[in-house]
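Asker: The file below is input-v1.cif, mmCIF, C-alpha atoms:
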```
data_data
loop_
_atom_site.label_atom_id
_atom_site.label_comp_id
_atom_site.auth_asym_id
_atom_site.auth_seq_id
_atom_site.Cartn_x
_atom_site.Cartn_y
_atom_site.Cartn_z
CA MET E 1383 5.47 -27.22 0.24
CA CYS E 1384 2.23 -25.75 1.61
CA VAL E 1385 -0.88 -27.71 0.74
CA SER E 1386 -4.17 -26.04 -0.10
CA PRO E 1387 -6.47 -26.21 2.91
CA SER E 1388 -9.16 -28.87 2.58
CA PRO E 1389 -12.36 -28.98 4.66
CA SER E 1390 -10.90 -31.64 6.98
CA LEU E 1391 -7.90 -29.45 7.71
CA LEU E 1392 -9.79 -26.20 7.90
CA THR E 1393 -12.42 -27.31 10.35
CA PHE E 1394 -9.91 -28.33 13.02
CA ALA E 1395 -10.03 -24.72 14.19
CA VAL E 1396 -13.57 -25.15 15.47
CA GLY E 1397 -13.15 -28.75 16.57
CA VAL E 1398 -15.39 -30.37 13.96
CA LYS E 1399 -12.90 -32.81 12.47
CA LEU E 1400 -9.28 -33.61 13.24
CA PRO E 1401 -6.59 -34.42 10.71
CA SER E 1402 -4.55 -37.61 11.10
CA PRO E 1403 -1.68 -37.59 13.64
CA LYS E 1404 0.98 -37.49 10.94
CA LEU E 1405 2.85 -34.28 10.21
CA ILE E 1406 1.12 -31.99 7.72
CA ILE E 1407 2.14 -28.61 6.31
CA ILE E 1408 -0.72 -26.14 6.07
CA CYS E 1409 -1.16 -22.45 5.25
CA LEU E 1410 -2.60 -20.85 8.39
CA THR E 1411 -3.34 -17.56 6.61
CA SER E 1412 -6.18 -19.25 4.73
CA VAL E 1413 -7.40 -21.17 7.78
CA ALA E 1414 -7.58 -18.05 9.94
CA ASN E 1415 -9.33 -16.08 7.19
CA PHE E 1416 -11.91 -18.78 6.55
CA LEU E 1417 -12.65 -19.17 10.24
CA ALA E 1418 -12.95 -15.44 10.99
CA PHE E 1419 -15.16 -14.71 7.98
CA ASP E 1420 -17.45 -17.65 8.76
CA ILE E 1421 -17.79 -16.55 12.38
CA ILE E 1422 -18.68 -12.98 11.49
CA GLY E 1423 -21.15 -14.28 8.88
CA GLU E 1424 -22.89 -16.37 11.52
CA TYR E 1425 -22.78 -13.65 14.17
CA SER E 1426 -23.91 -10.83 11.86
CA PHE E 1427 -26.25 -12.46 9.35
CA GLY E 1428 -27.25 -15.75 10.97
CA ASP E 1429 -25.38 -17.81 8.40
CA PRO E 1430 -21.65 -18.51 7.81
CA PHE E 1431 -20.23 -17.82 4.37
CA GLY E 1432 -19.38 -21.53 4.05
CA PHE E 1433 -15.62 -21.11 3.64
CA LEU E 1434 -14.69 -23.74 6.24
CA GLU E 1435 -17.11 -26.30 4.88
CA SER E 1436 -16.08 -25.92 1.23
CA GLY E 1437 -12.42 -25.07 1.76
CA ASN E 1438 -12.82 -22.18 -0.69
CA ASP E 1439 -13.62 -18.49 -0.77
CA ASN E 1440 -16.43 -18.77 -3.28
CA TYR E 1441 -17.18 -15.06 -3.14
CA ASN E 1442 -13.57 -13.93 -3.62
CA LEU E 1443 -14.30 -12.02 -0.43
CA ILE E 1444 -10.87 -12.19 1.18
CA HIS E 1445 -9.07 -10.83 -1.89
CA THR E 1446 -11.79 -8.19 -2.23
CA VAL E 1447 -11.30 -6.95 1.33
CA ASP E 1448 -7.50 -6.92 0.95
CA THR E 1449 -7.54 -5.04 -2.34
CA ARG E 1450 -10.15 -2.58 -1.15
CA GLY E 1451 -8.17 -1.84 2.01
CA GLU E 1452 -4.97 -1.15 0.11
CA VAL E 1453 -6.55 1.23 -2.40
CA LEU E 1454 -8.68 3.12 0.15
CA ASN E 1455 -5.64 3.54 2.38
CA THR E 1456 -3.80 5.07 -0.57
CA MET E 1457 -6.77 7.21 -1.66
CA GLY E 1458 -6.92 8.72 1.80
CA HIS E 1459 -3.56 10.38 1.16
CA ILE E 1460 -4.49 11.77 -2.27
CA PRO E 1461 -6.00 15.29 -2.63
CA HIS E 1462 -9.80 15.24 -2.83
CA GLY E 1463 -9.95 16.82 -6.28
CA ILE E 1464 -7.90 14.03 -7.86
CA ARG E 1465 -9.60 11.02 -6.27
CA PRO E 1466 -12.57 10.69 -8.71
CA TYR E 1467 -10.15 10.36 -11.63
CA MET E 1468 -7.85 7.70 -10.21
CA LYS E 1469 -10.00 4.86 -11.58
CA TYR E 1470 -9.16 6.07 -15.10
CA LEU E 1471 -5.41 5.75 -14.52
CA ARG E 1472 -4.97 2.64 -16.65
CA ILE E 1473 -1.17 2.93 -16.66
CA ASP E 1474 -1.32 1.47 -13.16
CA PRO E 1475 -4.33 -0.86 -12.62
CA PHE E 1476 -3.92 -0.62 -8.82
CA PHE E 1477 -6.65 2.02 -8.42
CA TYR E 1478 -9.01 0.57 -11.01
CA LYS E 1479 -8.89 -2.92 -9.51
CA GLY E 1480 -9.10 -1.61 -5.96
CA LEU E 1481 -12.19 0.47 -6.67
CA ARG E 1482 -13.80 -2.49 -8.43
CA SER E 1483 -13.22 -4.45 -5.22
CA THR E 1484 -15.06 -1.73 -3.32
CA ALA E 1485 -18.06 -2.26 -5.59
CA ASN E 1486 -17.75 -6.04 -5.22
CA LEU E 1487 -17.77 -5.78 -1.44
CA GLU E 1488 -20.91 -3.66 -1.59
CA ALA E 1489 -22.57 -6.36 -3.71
CA ILE E 1490 -21.58 -9.06 -1.19
CA GLY E 1491 -22.89 -6.97 1.71
CA ARG E 1492 -26.14 -6.28 -0.14
CA ALA E 1493 -26.61 -10.00 -0.88
CA ALA E 1494 -25.95 -10.99 2.76
CA PHE E 1495 -28.43 -8.37 3.95
CA SER E 1496 -31.13 -9.44 1.46
CA LYS E 1497 -30.75 -13.11 2.35
CA ARG E 1498 -30.96 -12.37 6.07
CA LYS E 1499 -33.95 -10.05 5.69
CA ALA E 1500 -35.91 -12.46 3.51
CA GLY E 1501 -35.09 -15.82 5.05
CA THR E 1502 -34.79 -15.47 8.81
CA SER E 1503 -37.11 -14.16 11.51
CA THR E 1504 -36.11 -10.85 13.05
CA THR E 1505 -36.50 -12.49 16.46
CA ARG E 1506 -33.10 -14.14 15.97
CA LYS E 1507 -30.46 -12.43 18.09
CA ASP E 1508 -27.67 -11.53 15.70
CA LEU E 1509 -26.26 -8.13 14.77
CA MET E 1510 -28.57 -7.73 11.80
CA SER E 1511 -31.66 -8.30 13.97
CA PHE E 1512 -30.95 -5.14 15.94
CA LEU E 1513 -30.74 -3.09 12.74
CA LEU E 1514 -33.85 -4.69 11.22
CA ASN E 1515 -35.82 -3.92 14.39
CA ALA E 1516 -34.38 -0.43 14.89
CA LYS E 1517 -36.41 2.71 14.27
CA ASP E 1518 -35.26 5.71 12.28
CA PRO E 1519 -35.17 8.61 14.79
CA GLU E 1520 -36.32 11.06 12.11
CA THR E 1521 -39.21 9.11 10.55
CA GLY E 1522 -40.13 6.63 13.26
CA GLY E 1523 -40.11 3.88 10.65
CA PRO E 1524 -37.55 1.15 9.89
CA LEU E 1525 -34.01 2.16 9.00
CA PRO E 1526 -33.45 2.65 5.25
CA ASP E 1527 -32.00 -0.41 3.52
CA LYS E 1528 -29.00 1.56 2.30
CA GLU E 1529 -27.99 2.38 5.87
CA ILE E 1530 -28.29 -1.23 6.97
CA ILE E 1531 -26.27 -2.39 3.95
CA ALA E 1532 -23.53 0.11 4.85
CA GLU E 1533 -23.46 -1.36 8.35
CA ALA E 1534 -23.40 -4.89 6.90
CA ILE E 1535 -20.25 -4.04 4.96
CA SER E 1536 -18.68 -2.68 8.14
CA PHE E 1537 -19.52 -5.92 9.96
CA ILE E 1538 -17.83 -8.01 7.25
CA VAL E 1539 -14.62 -5.98 7.19
CA GLY E 1540 -14.30 -4.95 10.83
CA GLY E 1541 -15.21 -8.32 12.28
CA SER E 1542 -13.02 -10.58 10.20
CA ASP E 1543 -9.82 -9.23 8.70
CA THR E 1544 -8.23 -7.87 11.87
CA THR E 1545 -9.11 -10.97 13.88
CA SER E 1546 -7.76 -13.40 11.28
CA SER E 1547 -4.57 -11.36 10.87
CA THR E 1548 -3.97 -11.31 14.62
CA MET E 1549 -4.43 -15.07 14.94
CA THR E 1550 -2.05 -15.57 12.00
CA ASN E 1551 0.50 -13.28 13.64
CA PHE E 1552 0.16 -15.24 16.88
CA MET E 1553 0.81 -18.47 15.01
CA ASP E 1554 3.78 -16.92 13.19
CA PHE E 1555 5.49 -15.91 16.43
CA VAL E 1556 4.61 -18.86 18.65
CA SER E 1557 5.31 -21.57 16.05
CA ARG E 1558 8.87 -20.18 15.83
CA ASP E 1559 9.36 -20.25 19.61
CA GLN E 1560 9.05 -23.84 20.80
CA GLU E 1561 9.93 -22.93 24.38
CA LEU E 1562 7.07 -20.43 24.58
CA GLN E 1563 4.73 -22.89 22.86
CA ALA E 1564 5.62 -25.57 25.41
CA GLU E 1565 4.82 -23.17 28.27
CA ILE E 1566 1.48 -22.27 26.68
CA PHE E 1567 0.68 -25.97 26.22
CA ALA E 1568 1.56 -26.68 29.86
CA GLU E 1569 -0.89 -23.98 30.94
CA LEU E 1570 -3.56 -25.42 28.63
CA LEU E 1571 -2.93 -28.96 29.85
CA GLU E 1572 -3.39 -27.84 33.43
CA ALA E 1573 -6.65 -26.08 32.52
CA PHE E 1574 -7.90 -28.92 30.31
CA PRO E 1575 -6.24 -32.15 31.56
CA GLU E 1576 -8.62 -34.75 30.12
CA PRO E 1577 -8.29 -36.06 26.54
CA ARG E 1578 -10.23 -33.89 24.10
CA ASP E 1579 -12.31 -35.20 21.20
CA SER E 1580 -12.96 -33.63 17.82
CA GLY E 1581 -16.03 -31.73 19.02
CA TRP E 1582 -14.27 -29.88 21.82
CA VAL E 1583 -13.83 -26.12 21.87
CA ALA E 1584 -12.25 -24.28 24.80
CA PRO E 1585 -14.88 -22.42 26.87
CA GLU E 1586 -14.42 -18.67 27.00
CA GLU E 1587 -14.81 -18.50 30.77
CA VAL E 1588 -11.55 -20.49 30.98
CA SER E 1589 -9.65 -19.42 27.86
CA GLY E 1590 -10.19 -15.75 28.67
CA LYS E 1591 -8.45 -16.20 32.04
CA LEU E 1592 -5.36 -18.14 30.91
CA ARG E 1593 -2.59 -15.79 32.00
CA LEU E 1594 0.21 -16.82 29.65
CA LEU E 1595 -1.96 -17.38 26.57
CA ASN E 1596 -3.61 -13.98 26.94
CA ALA E 1597 -0.31 -12.28 27.74
CA ALA E 1598 1.19 -13.78 24.58
CA LEU E 1599 -1.82 -12.62 22.56
CA LYS E 1600 -1.47 -9.14 24.00
CA GLU E 1601 2.24 -9.08 23.22
CA VAL E 1602 1.65 -10.17 19.61
CA MET E 1603 -0.89 -7.37 19.21
CA ARG E 1604 1.60 -4.92 20.69
CA LEU E 1605 4.48 -5.97 18.50
CA ARG E 1606 2.50 -6.33 15.27
CA PRO E 1607 -0.79 -4.41 15.49
CA THR E 1608 -3.01 -5.12 12.51
CA SER E 1609 -4.10 -1.52 12.05
CA SER E 1610 -1.02 0.66 12.22
CA THR E 1611 -1.78 3.41 9.72
CA GLY E 1612 -1.84 6.86 11.26
CA LEU E 1613 -5.28 8.48 10.98
CA GLU E 1614 -4.35 12.01 10.00
CA ARG E 1615 -5.93 15.10 11.51
CA VAL E 1616 -5.51 18.75 10.48
CA VAL E 1617 -4.33 21.19 13.14
CA PRO E 1618 -7.01 23.92 13.46
CA ASP E 1619 -6.54 27.67 13.13
CA GLY E 1620 -4.16 29.17 15.61
CA GLY E 1621 -2.10 26.00 15.92
CA ARG E 1622 -1.89 23.80 18.96
CA TYR E 1623 0.65 22.64 21.52
CA VAL E 1624 0.90 18.85 21.68
CA ALA E 1625 3.28 17.23 24.18
CA GLY E 1626 5.13 20.54 24.57
CA MET E 1627 5.64 21.05 20.83
CA PHE E 1628 3.87 23.77 18.84
CA LEU E 1629 2.17 22.55 15.67
CA PRO E 1630 1.21 25.26 13.14
CA ALA E 1631 -2.32 25.46 11.76
CA GLY E 1632 -2.88 23.25 8.73
CA SER E 1633 -0.28 20.68 9.75
CA LEU E 1634 -1.18 17.01 9.28
CA VAL E 1635 -0.64 14.99 12.45
CA SER E 1636 -1.21 11.36 13.36
CA VAL E 1637 -0.12 8.83 15.95
CA PRO E 1638 0.28 5.38 14.34
CA THR E 1639 -0.44 2.53 16.72
CA VAL E 1640 2.81 0.79 15.83
CA ALA E 1641 4.78 3.89 16.88
CA ILE E 1642 3.21 3.82 20.35
CA HIS E 1643 3.70 0.08 20.76
CA HIS E 1644 7.38 0.27 19.78
CA ASN E 1645 8.16 3.46 21.69
CA SER E 1646 11.46 2.99 23.51
CA GLU E 1647 10.47 5.70 26.00
CA ILE E 1648 7.77 3.32 27.22
CA TYR E 1649 9.41 -0.06 26.70
CA ARG E 1650 12.87 0.81 27.95
CA VAL E 1651 15.54 -0.45 30.33
CA SER E 1652 15.09 0.71 33.88
CA ASN E 1653 17.67 2.65 35.79
CA PRO E 1654 17.21 2.20 39.57
CA ALA E 1655 19.61 5.07 40.26
CA ALA E 1656 17.60 7.54 38.21
CA SER E 1657 15.62 10.16 40.07
CA VAL E 1658 12.72 9.99 37.63
CA THR E 1659 10.37 7.02 37.90
CA LEU E 1660 10.24 5.27 34.58
CA ILE E 1661 7.10 3.78 33.12
CA LEU E 1662 8.50 0.29 33.00
CA THR E 1663 10.69 -0.92 35.84
CA THR E 1664 12.07 -4.07 34.27
CA SER E 1665 14.49 -4.46 31.41
CA LYS E 1666 12.50 -5.11 28.20
CA ASN E 1667 13.39 -4.66 24.56
CA PRO E 1668 10.45 -3.08 22.67
CA GLU E 1669 11.40 -4.99 19.50
CA LYS E 1670 11.34 -8.39 21.19
CA LEU E 1671 8.34 -10.66 21.72
CA ASP E 1672 8.17 -11.09 25.49
CA PRO E 1673 4.78 -12.02 27.02
CA GLN E 1674 6.34 -11.78 30.47
CA ARG E 1675 6.18 -7.99 30.30
CA TRP E 1676 2.40 -8.30 30.74
CA LEU E 1677 2.76 -10.63 33.73
CA ASP E 1678 5.15 -8.47 35.74
CA PRO E 1679 3.79 -6.71 38.86
CA ASP E 1680 4.03 -3.29 37.19
CA ALA E 1681 2.49 -4.38 33.89
CA GLY E 1682 -0.61 -2.32 34.64
CA ASP E 1683 1.39 0.81 33.83
CA LEU E 1684 1.56 -0.31 30.20
CA THR E 1685 -2.18 -0.64 29.74
CA ASN E 1686 -2.58 3.05 28.91
CA TYR E 1687 -0.17 2.58 26.03
CA PHE E 1688 -1.73 -0.59 24.62
CA VAL E 1689 -4.14 0.56 21.91
CA PRO E 1690 -4.54 -2.12 19.19
CA PHE E 1691 -8.30 -1.43 19.20
CA SER E 1692 -7.73 2.33 19.19
CA THR E 1693 -9.13 4.39 22.05
CA GLY E 1694 -11.84 6.89 22.85
CA PRO E 1695 -15.31 7.11 21.28
CA ARG E 1696 -14.07 5.71 17.95
CA ALA E 1697 -12.46 2.62 19.46
CA CYS E 1698 -13.40 -0.78 18.04
CA MET E 1699 -16.86 -1.65 19.35
CA GLY E 1700 -16.27 -5.36 18.73
CA ARG E 1701 -13.08 -5.69 20.76
CA ASN E 1702 -14.62 -7.91 23.47
CA PHE E 1703 -16.09 -10.25 20.87
CA ALA E 1704 -12.77 -10.34 18.97
CA TRP E 1705 -10.82 -11.19 22.13
CA MET E 1706 -13.27 -13.95 23.00
CA GLU E 1707 -13.02 -15.39 19.48
CA MET E 1708 -9.22 -15.33 19.45
CA SER E 1709 -8.70 -16.70 22.97
CA LYS E 1710 -11.15 -19.58 22.38
CA THR E 1711 -9.64 -20.47 19.00
CA LEU E 1712 -6.02 -20.28 20.11
CA ALA E 1713 -6.68 -22.21 23.33
CA THR E 1714 -8.43 -24.92 21.32
CA ILE E 1715 -5.84 -25.43 18.59
CA PHE E 1716 -2.77 -25.16 20.84
CA ARG E 1717 -4.28 -27.70 23.24
CA LEU E 1718 -4.91 -30.14 20.39
CA PHE E 1719 -1.95 -29.52 18.07
CA LYS E 1720 1.74 -28.75 17.96
CA PHE E 1721 2.96 -26.21 15.42
CA GLU E 1722 6.32 -25.47 13.88
CA ARG E 1723 7.02 -22.77 11.31
CA SER E 1724 8.11 -24.34 8.02
CA THR E 1725 10.61 -21.57 7.27
CA SER E 1726 13.29 -19.75 9.24
CA GLU E 1727 13.03 -16.64 7.06
CA LEU E 1728 11.44 -13.50 8.44
CA SER E 1729 7.81 -13.03 7.55
CA GLU E 1730 7.04 -10.53 4.81
CA THR E 1731 4.42 -7.97 5.77
CA ARG E 1732 2.07 -6.18 3.39
CA GLU E 1733 0.38 -2.96 4.40
CA GLY E 1734 -2.96 -1.64 3.26
CA PHE E 1735 -5.19 -0.14 5.90
CA PHE E 1736 -4.31 -3.32 7.79
CA VAL E 1737 -0.87 -4.91 8.12
CA LYS E 1738 -0.81 -8.59 7.17
CA ILE E 1739 1.88 -11.21 6.64
CA ALA E 1740 1.99 -12.72 3.16
CA GLU E 1741 2.03 -16.35 4.31
CA CYS E 1742 2.20 -18.51 7.43
CA SER E 1743 3.04 -22.09 6.50
CA VAL E 1744 3.38 -24.36 9.52
CA ARG E 1745 4.02 -28.02 10.24
CA ILE E 1746 1.12 -29.28 12.29
CA SER E 1747 0.85 -32.53 14.24
CA LEU E 1748 -1.85 -33.88 16.53
CA ARG E 1749 -0.73 -34.00 20.15
CA ALA E 1750 -0.96 -37.27 22.02
CA SER E 1751 -3.52 -37.37 24.83
CA GLU E 1752 -1.36 -36.32 27.77
#
```
Could you rewrite the structure in this file as structure tokens?
Answerer:
Amino acid sequence: MCVSPSPSLLTFAVGVKLPSPKLIIICLTSVANFLAFDIIGEYSFGDPFGFLESGNDNYNLIHTVDTRGEVLNTMGHIPHGIRPYMKYLRIDPFFYKGLRSTANLEAIGRAAFSKRKAGTSTTRKDLMSFLLNAKDPETGGPLPDKEIIAEAISFIVGGSDTTSSTMTNFMDFVSRDQELQAEIFAELLEAFPEPRDSGWVAPEEVSGKLRLLNAALKEVMRLRPTSSTGLERVVPDGGRYVAGMFLPAGSLVSVPTVAIHHNSEIYRVSNPAASVTLILTTSKNPEKLDPQRWLDPDAGDLTNYFVPFSTGPRACMGRNFAWMEMSKTLATIFRLFKFERSTSELSETREGFFVKIAECSVRISLRASE
């Protein structure tokens, strides 16, 4: 049975308070969500949302983001002329509820913006301060509130959901593999040998350089990228050749991240006798979690095909911050705790714009001071 997360259990992720050494079962999906949303609240608006402290999502924000993502992902595949009428389709409340969540998220973003603008000096260095101090290139005055609110909504969604989902995925995989978890702990124990108290958080300058931990994180993001929906593009007039194949004008094309990350032409078994040099020179199964693939001498060849943050000018601008947040959090909790998945069944995934697992219940116990 998975207990509801209480403040004392939730705040272990940032080292504020530790649970007792006895074995406890906890839902890590909620913990990861609460942590990620509070961090982005602090970083963007100067104030956390208070989820970790209260043990509750008092704004219904997490459900709002999930529901909104699912309906907008679906709406993106519906012809433009039909979209305005989907909210009236009461036979299936999916669209009505999803579009209400969109309005709810706007209200939350507006409230966060108003609170930050009214209550905190613009000299504070958070994301909102840069927008509040920015000048409109057309008027020379401050940016319009509506533009800042739109950015605030982007901060909330882009800086929380993907990060929390990735940390949950990491926990899902590593809590099932006790051998890998033991190796990660050995690396952490070498980096942080002294006993750690309840106020300790792994420093980024160390956690970001832990080879196995970061390789495992990279492998989790390869195997289960949080954003795997293909962003469709229309082939322009005259058609185009892509990878040697002609695509007629008007065709819809996309390259889902998950398809690249599971491509057997990239992650394939080597053949030393072959005349063609293969991308990967060691035997790896693309469907298997194997952090070692990122530690091999030729692992650099895979970097061009690792795109969980997308690539090009539209790539995630917060990727460095997200990696810092995840490496610090995972280094902290795996140094302090031992985890074991409470079920042997495969995790159920749910896809909106982001791919998330439905639950991640784990047995958690405080490690002795090695």
Asker: Check the smallest atom-to-atom distance from each of E:Thr1446, E:Ser1646, E:Ser1709, E:Ser1726 to Glu1587 in chain E using all atoms listed in the file, then report the winner.
Answerer: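 Selected residue with least distance to Glu1587 in chain E: E:Ser1709.
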Asker: Which of these residues is nearest to Lys1738 in chain E, using all atoms listed in the file: E:Lys1469, E:Ser1547, E:Leu1712, E:Thr1449?
Answerer: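 Ranked by minimum distance to Lys1738 in chain E, first place goes to E:Ser1547.
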Asker: Find the residues near range 1730-1734 of chain E: any atom within 10 Å, counting only C-alpha atoms, skip ones fewer than 4 places away on the same chain, and give them as a ChimeraX atom specification.
Answerer: /E:1448-1456,1606,1608-1611,1738-1742
Asker: Using the chain letters and numbering of this document, enumerate as a PyMOL selection string the residues selected by the PyMOL selection byres ((chain E and resi 1426) around 10).
Answerer: chain E and resi 1420-1425+1427-1430+1494-1495+1498+1507-1512+1534+1537-1538+1541
Asker: For Glu1707 in chain E, please output as a PyMOL selection string all residues within 9 Å (counting all atoms listed in the file; exclusion window: fewer than 2 positions along the same chain).
Answerer: chain E and resi 1418+1421+1545+1586+1702-1705+1709-1712
Asker: Selection from above, C-alpha atoms, as a PDB file, in the frame of the given file, can you write it?
Answerer:
```pdb
ATOM      1  CA  ALA E1418     -12.950 -15.440  10.990  1.00  0.00           C
ATOM      2  CA  ILE E1421     -17.790 -16.550  12.380  1.00  0.00           C
ATOM      3  CA  THR E1545      -9.110 -10.970  13.880  1.00  0.00           C
ATOM      4  CA  GLU E1586     -14.420 -18.670  27.000  1.00  0.00           C
ATOM      5  CA  ASN E1702     -14.620  -7.910  23.470  1.00  0.00           C
ATOM      6  CA  PHE E1703     -16.090 -10.250  20.870  1.00  0.00           C
ATOM      7  CA  ALA E1704     -12.770 -10.340  18.970  1.00  0.00           C
ATOM      8  CA  TRP E1705     -10.820 -11.190  22.130  1.00  0.00           C
ATOM      9  CA  SER E1709      -8.700 -16.700  22.970  1.00  0.00           C
ATOM     10  CA  LYS E1710     -11.150 -19.580  22.380  1.00  0.00           C
ATOM     11  CA  THR E1711      -9.640 -20.470  19.000  1.00  0.00           C
ATOM     12  CA  LEU E1712      -6.020 -20.280  20.110  1.00  0.00           C
TER      13      LEU E1712
END
```
Asker: Looking at only C-alpha atoms, which of E:Lys1600, E:Ile1535, E:Asp1543, E:Ile1406 is the one that sits closest to His1445 in chain E?
Answerer: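 Looking at the shortest contact to His1445 in chain E, the residue is E:Asp1543.
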Asker: Just give me the gap between CA of Ile1531 in chain E and CA of Tyr1441 in chain E in Å, one decimal is fine.
Answerer: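 These atoms are spaced 17.1 Å apart.
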Asker: Output as a Markdown table one row per residue of range 1548-1667 of chain E within 10 Å of range 1686-1694 of chain E: the closest atom pair and its distance in Å to one decimal place, counting all atoms listed in the file, sorted by chain and residue number ascending.
Answerer:
```
| residue | atom | partner | partner_atom | distance |
| --- | --- | --- | --- | --- |
| E:Lys1600 | CA | E:Phe1688 | CA | 8.6 |
| E:Glu1601 | CA | E:Phe1688 | CA | 9.5 |
| E:Met1603 | CA | E:Pro1690 | CA | 6.4 |
| E:Arg1604 | CA | E:Phe1688 | CA | 6.7 |
| E:Leu1605 | CA | E:Pro1690 | CA | 9.8 |
| E:Arg1606 | CA | E:Pro1690 | CA | 9.1 |
| E:Pro1607 | CA | E:Pro1690 | CA | 5.7 |
| E:Thr1608 | CA | E:Pro1690 | CA | 7.5 |
| E:Ser1609 | CA | E:Pro1690 | CA | 7.2 |
| E:Ser1610 | CA | E:Pro1690 | CA | 8.3 |
| E:Pro1638 | CA | E:Ser1692 | CA | 9.8 |
| E:Thr1639 | CA | E:Val1689 | CA | 6.7 |
| E:Val1640 | CA | E:Pro1690 | CA | 8.6 |
| E:Ile1642 | CA | E:Tyr1687 | CA | 6.7 |
| E:His1643 | CA | E:Phe1688 | CA | 6.7 |
| E:Asn1645 | CA | E:Tyr1687 | CA | 9.4 |
| E:Ile1648 | CA | E:Tyr1687 | CA | 8.1 |
| E:Tyr1649 | CA | E:Tyr1687 | CA | 10.0 |
```
Asker: For the selection you just gave me, I'd like the residues written to a file as a short mmCIF file (atom, residue, chain, number, x, y, z; two decimals), in the frame of the given file, keeping C-alpha atoms.
Answerer:
```cif
data_model
loop_
_atom_site.label_atom_id
_atom_site.label_comp_id
_atom_site.auth_asym_id
_atom_site.auth_seq_id
_atom_site.Cartn_x
_atom_site.Cartn_y
_atom_site.Cartn_z
CA LYS E 1600 -1.47 -9.14 24.00
CA GLU E 1601 2.24 -9.08 23.22
CA MET E 1603 -0.89 -7.37 19.21
CA ARG E 1604 1.60 -4.92 20.69
CA LEU E 1605 4.48 -5.97 18.50
CA ARG E 1606 2.50 -6.33 15.27
CA PRO E 1607 -0.79 -4.41 15.49
CA THR E 1608 -3.01 -5.12 12.51
CA SER E 1609 -4.10 -1.52 12.05
CA SER E 1610 -1.02 0.66 12.22
CA PRO E 1638 0.28 5.38 14.34
CA THR E 1639 -0.44 2.53 16.72
CA VAL E 1640 2.81 0.79 15.83
CA ILE E 1642 3.21 3.82 20.35
CA HIS E 1643 3.70 0.08 20.76
CA ASN E 1645 8.16 3.46 21.69
CA ILE E 1648 7.77 3.32 27.22
CA TYR E 1649 9.41 -0.06 26.70
#
```
Asker: Under the PyMOL selection byres ((chain E and resi 1433) around 10), which residues of this model are included? Write them out as a ChimeraX atom specification.
Answerer: /E:1389,1392-1393,1412-1413,1415-1420,1430-1432,1434-1441
Asker: Translate the PyMOL selection byres ((chain E and resi 1671-1676) around 10) into a concrete residue list for this structure, as JSON, numbers by chain.
Answerer: {"E": [1555, 1556, 1559, 1562, 1593, 1594, 1595, 1596, 1597, 1598, 1599, 1600, 1601, 1602, 1604, 1605, 1606, 1649, 1662, 1664, 1665, 1666, 1667, 1668, 1669, 1670, 1677, 1678, 1679, 1680, 1681, 1682, 1683, 1684, 1685]}
Asker: Using only C-alpha atoms, which of E:Leu1487, E:Val1616, E:Ala1568, E:Leu1629 sits nearest Leu1443 in chain E?
Answerer: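 Once distances to Leu1443 in chain E are computed over only C-alpha atoms, the minimum belongs to E:Leu1487.
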Asker: E:His1462, E:Gly1632, E:Glu1520, E:Val1539: which is nearest Glu1488 in chain E, counting only C-alpha atoms?
Answerer: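 Selected residue with least distance to Glu1488 in chain E: E:Val1539.
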Asker: Using all atoms listed in the file, which protein or nucleic acid residues come within 8 Å of Ala1414 in chain E? Drop anything in the same chain fewer than 6 positions from it, and give the result as an mmCIF file with C-alpha atoms, keeping the file's coordinate frame.
Answerer:
```cif
data_model
loop_
_atom_site.group_PDB
_atom_site.id
_atom_site.type_symbol
_atom_site.label_atom_id
_atom_site.label_comp_id
_atom_site.auth_asym_id
_atom_site.auth_seq_id
_atom_site.Cartn_x
_atom_site.Cartn_y
_atom_site.Cartn_z
ATOM 1 C CA SER E 1546 -7.760 -13.400 11.280
ATOM 2 C CA SER E 1547 -4.570 -11.360 10.870
ATOM 3 C CA MET E 1549 -4.430 -15.070 14.940
ATOM 4 C CA THR E 1550 -2.050 -15.570 12.000
#
```
Asker: So, with all atoms listed in the file as the atoms that count, which of E:Ile1460, E:Leu1410, E:Val1737, E:Leu1592 lies closest to Phe1552 in chain E?
Answerer: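 Among E:Ile1460, E:Leu1410, E:Val1737, E:Leu1592, it is E:Leu1410 that comes nearest to Phe1552 in chain E.
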Asker: Can you measure CA of Arg1622 in chain E to CA of Leu1634 in chain E for me? One decimal in Å is fine.
Answerer: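 These atoms are spaced 11.8 Å apart.
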Asker: What is the CA of Glu1576 in chain E-CA of Leu1748 in chain E distance in Å, reported with one decimal?
Answerer: 15.2 Å
Asker: As lines of an AutoDock Vina configuration file, what would the box around range 1435-1446 of chain E look like: edges along x, y and z, 3 Å added on every side, centre and edge lengths in Å to one decimal?
Answerer:
```
center_x = -13.1
center_y = -17.2
center_z = 0.6
size_x = 14.1
size_y = 24.1
size_z = 14.5
```
